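Undergrad: Just dropping this structure here.
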Amino acid sequence: MAEIFWMNLAEIDALTAEGVAGAQQAATVDAVEAVRIQYLGRKGLLPQIMKGLKDFAPAERGAAGRSANAFKDSITAAIEARLLALRGAAGAVAGPAFDYTLPGSWRGLGSLHPVSLVITDAVRIFSRMGFAVAEGPDIENAYNNFEALNTPAHHPSLAETDTFWLGKGELLRTQTSPVQIRVMQSHPPPVRIITPGRCYRRDTTDATHSASFHQIEGLYVDRQVSLADLKGTLAAFMRAMMGPDVGVRFRPHFFPFTEPSVECDFSCHVCGGKGCRVCKQSGWIEIAGAGMVDPRVFGKVGYDAEAWTGFAFGMGVERIAMIKYGIPDIRMLYENDARFLAQFG
Amino acid sequence: MKIPYSWLKEFVDVEATPEELAERLTFSGVEVEGIHRLGDGLGDLIVGEIVRFEKHPAADRLRLCTVHDGRGELQVVCGASNFEVGDKAAFAPVGATLPGGMAITKRKVRGIESHGMLCAEDELGLSEGHGGILLVEREVPAGQSLATALGLPEVVFELEITWNRPDCLSVIGMAREVAALYGKSLRLPDVAYAEDSRAAADLAKVRIDDAARCPRYTGRVLSGLAVGPSPGWMQHRLKFCGVRPISNIVDVTNYVMLECGQPLHAFDLTRVAGAQIHIRCAQAGEKLKTLDGVERALAPDMLVIADAQEPLAVAGIMGGGGSEISESTREVLLESASFDAPGTRRTSVALGLASESSHRFERGVDPELADWASRRAAALLLQTAGGAAAGGVIDVYPGRAELRRITCRFARVQALLGVAIAADAICNIFAGLELIVESRTDAACVVRIPSFRRDLEIEADLIEEVARMHGLDRVPEATPHATLIQNVDDARTWAVMQLRERLTGLGLREILNYSFMSERHVNQLGGEDAARRLVIPNPVSIDHAVMRPALLPQMLLTLGHNMSRQVANADFFEIGRIFWRDEAGQACEAERLSLGLMGRVGQGALDGRRSVSPAEMFLSLKGLLTALCRAQSDAGLRMAPATHASMEPGWCVGLWLGDVALGTAGLLRRGLREEWRIAEPVGVAELHVQPLLAAPRRRSFAPLATYPSITHDVAMIVAEDVQHENILAVIRKAGPTELTDVRLFDIFRGVAVGVGRKSMAYSLVYQSGARTLTDAEANTFDVGIRQALRQELQAEIREG
């Protein structure tokens, strides 16, 4: 055991260097422990140094305290570093290395269907904007699906070629708009809802058409809701859904249940609007139909069209999924090939 | 609808490039779907006359032609054979360049020099057609520019006209829109013509039965007409619009329809029995052979144009062969009438017969247009077919409608659009659209709606006109002021979304099937009551003829489909609606969840290749269902043996959550899976969704155990028919309150155990909430439990 008979600053610093070197050169964990006891132990050098501090001249005492701290910190750090190195080395030499590249023993997560992914995203986005979700039956009556929506009796969509009629005035809904009617019939204004759901049209199935598909519609009725609010809401949705940089534009259009009516395009997310194969060189992709609720629709559900205004919009879920994920053929969505589904996990 | 730009320019002065105009139209409500530039790059081509031709001496398929180019005769080799001597054809002389960039040089074809080329339509970029060389009228002089001869160059717009704007289904209708957009005025053609001393009213009679079906019928009589081809300019325009030229009389009626939107029909008056026109409903049993050559049975709801004896035409849709214009026609009754939209639509659908005429009538044709269009056609007929017109018109007009007046409040415009537009600007927009502002105050104006804008019915319609002419791009994107609205409860939707997420967390992939399936598959896989099926009366195909009565059949098809694509490991779920008719015949629907597990069980990667026993697959499915139900519901999951048409006997259980039936689970019937070449057991289940949502877990805190537990094991040999549940029940009943958990950890069968018997080993966990238990206490608990097992299950307890 070293002893200090006479101490100055240089002596402390020399002991520090000695202790650090001793720790670094220790060959075993036991040797490191011996160094620790010699320099930092209860009967080692550190308590002696601390005790000796009071013997320094007042002018030197501050510097001596700093040297004493450095003694403790440096040797402690050297001991820890050496122990880490020795223990790691001990593991490495214990036997052949475990092959950590073997597959892990946990079955992966499953996946939501792309249609569900889009609906879930849309529900979350719109719910941030205060829209509640309303659902309704697939089997509807003609009143809710057409008449209450101000669709003239001779409109082509009523014809047998476009609608699946089930008899007794029942049909498979051609849009989720009848849910809007159901909600307005059962709730006084204001209402703010989206209505995701399955719809049916007698389309011959091809790469972009399916006789059964999904829609998300929205409805906001309140005091002083305007076309500007519709633009703001749909633009916010598109940016949240397709990316913060997409542009949104509106074109006049016609739907029986809205007046004025518009169609909504967003700037192509693939080419940024410059024109490419996805947007057929136009830079824009049609995505939604929308408009201000026709006062005659309000009349059908007993809303006062003078006191309340509202907007409604609708879009195809499969179409959004195809655009967003680059799916070339709508039929792939209904083939349920596990390899396809796994791409969306 | 197609519209040539030059035709549009006849009625409105517009200088915009086609692209500029297309942009303005698209953003004011008429979408331009295409701009077709016809005849670009034809500057070098001329019309050549084929003076004579002979067979190429070295090639059977080629002709050696002598072509006159207006200056002299040239020798040209040609591969086509659709011409005669004297024909005029598209000719590219040496030195010309075709629109595709091909340069014409003097060259030898099979040893004979060709000084130019006779061209087909595709070579000229006019169409895809390559059915021989392009011929023009023989009257065109040789050497004339080909473009001039074809009425080219021309720009043709392809427009999508929305259902509410039948007035735009014409060149003049579109010119009116363009005039409003560019602040120009509409210029209509002169429709005056000379009349002779006869009165039309003396030459034919018109009677209308139902004013609602036929609000107006006008007839003019023209005599001494010479039927022949119509002039080239008229034929060109018809072709640009996709209408085939037929003869001057028919072409004039089509031309005027395209121009102003009023369908017209010319009857050979000598073939109208009694010179009487009777607009009536068809009588039962009546038939008519329409101009397309098909004999059609008419139903009593169908409106026809009849003479004194029989139907001559299906009103507004198509004429009949009997009164058709022929080469011998001299005297014509020119019909310009209005037929109601719903009736025309119904008849068109019922007959499966549509035409340019029905396309317009089923959207609505302005009755006020009938007389103007008739005058325009009469003038053009006299101009193109000679003859004379009888004086006046037969005009039966029982359905004259009052003009509508709509008040538009300026404040309402701003309220609905969210942008301030000055009252003057609003009134100017109306005036530009030929909507007459009759009176005006500071707050509102009263607008008289012309008859051609039947779509404008209410104030919101006028506000839409303001929006589209003002420009939607000038409406700002606003953030709604967003009242807090809590009247619609969507908790169920969110709960189903969470259910989906949990199922994916359990490793399942979501699938989505159509709501309909084939009757064959329902029969094969469903086995549900056939009388309850919801059959679609008008399916698209027999593969989609029945609304699915269950989800399992499509789940089986999906598994089989994947197996056939070499996907042998797949775990699927589907949440969707099923459909049926109840006892009263009422159509019903409900939400179901189906599960399908195929291939690998277990977590390890190495599990993928080993074969799976029925028990493993069943327990894998059961474990999944147990985990799911524990997360979804406070009601405990119960099972009991059951049967199901698609499931293997003995491997099928009914499921309950508390007292509520949840569904059925089990292994797929062996015969079914072998049909799809699935070698190993498949786990399937079909569940009601509602019970999974009905009793959501109530989460509440319970104190955590602070004293250590003691675990003792008990192993026993019991008869094979003793079930795990029996043993659990006995242990729990005999155990003290300190028994907090019982876990099965081993099952063993073998010689040492004996035939018909099995060894079952359990861990018993004892724990007290009040103190640390001693080993001695635990041993005492063991004694009671072992005693009960021996007595109640005849178990042989294995010591040590």
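Chain identifiers are assigned as A, B, and so on, following the order in which chains appear in the structure tokens; residues are numbered from 1 within each chain, and ligands are numbered from 1 in order of appearance.
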Write out as a PyMOL selection string each polymer residue whose atoms come within 12 Å of Leu687 of chain B, counting only C-alpha atoms; drop sequence neighbours fewer than 3 positions from it.
TA: chain B and resi 550-552+573-578+590-596+625+628-629+653-657+660-666+684+690-693
Undergrad: Go ahead and write the residues just picked, C-alpha atoms, as a tab-separated table (two decimals), in the first residue's frame.
TA:
```tsv
chain	number	residue	atom	x	y	z
B	550	ALA	CA	-72.58	-16.39	-45.53
B	551	LEU	CA	-68.94	-15.40	-45.70
B	552	LEU	CA	-67.43	-18.88	-45.43
B	573	PHE	CA	-60.17	-12.73	-42.14
B	574	GLU	CA	-63.04	-10.89	-43.75
B	575	ILE	CA	-65.57	-8.55	-42.17
B	576	GLY	CA	-68.57	-8.03	-44.39
B	577	ARG	CA	-72.28	-8.15	-44.78
B	578	ILE	CA	-74.37	-11.22	-45.58
B	590	ALA	CA	-76.06	-8.47	-41.09
B	591	GLU	CA	-72.36	-8.11	-40.46
B	592	ARG	CA	-70.19	-11.22	-40.10
B	593	LEU	CA	-66.56	-12.10	-39.51
B	594	SER	CA	-64.99	-15.09	-41.18
B	595	LEU	CA	-61.60	-16.63	-40.44
B	596	GLY	CA	-59.53	-19.02	-42.52
B	625	LEU	CA	-60.51	-17.08	-30.99
B	628	LEU	CA	-59.69	-12.26	-29.71
B	629	CYS	CA	-62.70	-12.74	-27.46
B	653	VAL	CA	-67.81	-26.35	-32.25
B	654	GLY	CA	-70.50	-23.78	-31.65
B	655	LEU	CA	-69.30	-20.60	-29.95
B	656	TRP	CA	-71.03	-18.42	-27.36
B	657	LEU	CA	-70.03	-15.21	-25.67
B	660	VAL	CA	-75.13	-14.97	-26.94
B	661	ALA	CA	-74.46	-17.24	-29.92
B	662	LEU	CA	-71.26	-16.08	-31.60
B	663	GLY	CA	-70.90	-18.54	-34.46
B	664	THR	CA	-69.23	-21.76	-35.51
B	665	ALA	CA	-65.59	-22.79	-35.77
B	666	GLY	CA	-63.77	-25.93	-36.78
B	684	VAL	CA	-62.31	-21.87	-40.41
B	690	GLN	CA	-72.36	-7.71	-33.02
B	691	PRO	CA	-71.64	-9.94	-29.95
B	692	LEU	CA	-67.96	-9.07	-30.28
B	693	LEU	CA	-68.89	-5.42	-29.80
```
Undergrad: Pick out the residues sitting within 8 Å of Met184 of chain A, and hand them over as a PyMOL selection string; count only C-alpha atoms, and ignore anything fewer than 6 positions along from it in its own chain.
TA: chain A and resi 191+301+303
Undergrad: Please dump the current selection as an mmCIF file, in the first residue's frame; keep all heavy atoms.
TA:
```cif
data_model
loop_
_atom_site.group_PDB
_atom_site.id
_atom_site.type_symbol
_atom_site.label_atom_id
_atom_site.label_comp_id
_atom_site.auth_asym_id
_atom_site.auth_seq_id
_atom_site.Cartn_x
_atom_site.Cartn_y
_atom_site.Cartn_z
ATOM 1 N N VAL A 191 -75.483 18.851 -38.866
ATOM 2 C CA VAL A 191 -74.864 17.521 -38.919
ATOM 3 C C VAL A 191 -73.550 17.620 -39.692
ATOM 4 O O VAL A 191 -73.404 18.447 -40.588
ATOM 5 C CB VAL A 191 -75.753 16.453 -39.609
ATOM 6 C CG1 VAL A 191 -77.002 16.188 -38.814
ATOM 7 C CG2 VAL A 191 -76.074 16.842 -41.031
ATOM 8 N N VAL A 301 -86.155 16.190 -46.435
ATOM 9 C CA VAL A 301 -85.854 15.713 -45.085
ATOM 10 C C VAL A 301 -86.346 16.691 -44.017
ATOM 11 O O VAL A 301 -86.079 16.503 -42.831
ATOM 12 C CB VAL A 301 -84.340 15.461 -44.891
ATOM 13 C CG1 VAL A 301 -83.879 14.369 -45.821
ATOM 14 C CG2 VAL A 301 -83.530 16.740 -45.102
ATOM 15 N N TYR A 303 -85.550 19.920 -43.587
ATOM 16 C CA TYR A 303 -84.634 20.971 -43.128
ATOM 17 C C TYR A 303 -85.065 22.291 -43.761
ATOM 18 O O TYR A 303 -85.475 22.317 -44.920
ATOM 19 C CB TYR A 303 -83.192 20.674 -43.561
ATOM 20 C CG TYR A 303 -82.426 19.692 -42.706
ATOM 21 C CD1 TYR A 303 -83.072 18.814 -41.835
ATOM 22 C CD2 TYR A 303 -81.035 19.646 -42.776
ATOM 23 C CE1 TYR A 303 -82.344 17.913 -41.073
ATOM 24 C CE2 TYR A 303 -80.300 18.745 -42.013
ATOM 25 C CZ TYR A 303 -80.957 17.882 -41.165
ATOM 26 O OH TYR A 303 -80.226 16.992 -40.423
#
```
Undergrad: Considering only C-alpha atoms, return as a list in words whatever protein or nucleic-acid residues lie within 10 Å of Pro450 of chain B, sequence-local ones (same chain, fewer than 6 positions apart) excluded.
TA: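 The residues satisfying every condition are Asp366, Glu368, Glu402, Leu403, Arg404, Arg405, Leu433, Glu434, Leu435, Ile436 and Leu456 of chain B.
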Undergrad: Let's see if you can do this: from backbone DSSP, list all strand (DSSP E or B) residues in segment 609-750 of chain B, as a ChimeraX atom specification.
TA: /B:637-641,647-657,660-668,682-688,710-719,739-748
Undergrad: Can you tell me, as a ChimeraX atom specification, what residues are no more than 12 Å from His154 of chain A when counting only C-alpha atoms, ignoring any on the same chain fewer than 2 positions away?
TA: /A:146-147,150-152,156-160 /B:163,340-349,361-364
Undergrad: Apply DSSP to the structure's backbone, then extract all residues of segment 207-400 of chain B labelled helix (DSSP H, G or I) and return them as a PyMOL selection string.
TA: chain B and resi 232-240+248-260+269-271+273-275+321-323+341-351+356-361+369-385
Undergrad: Just how far from atom CA of Gly44 of chain A is atom CA of Arg66 of chain A, in Å to one decimal?
TA: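 About the pair atom CA of Arg66 of chain A and atom CA of Gly44 of chain A: they are 18.8 Å apart.
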Undergrad: Can you work out which one of A:Gly310, A:Gly326, A:Gly136, A:Pro58 has the shortest atom-to-atom distance to Asp222 of chain A, counting only C-alpha atoms?
TA: A:Gly310
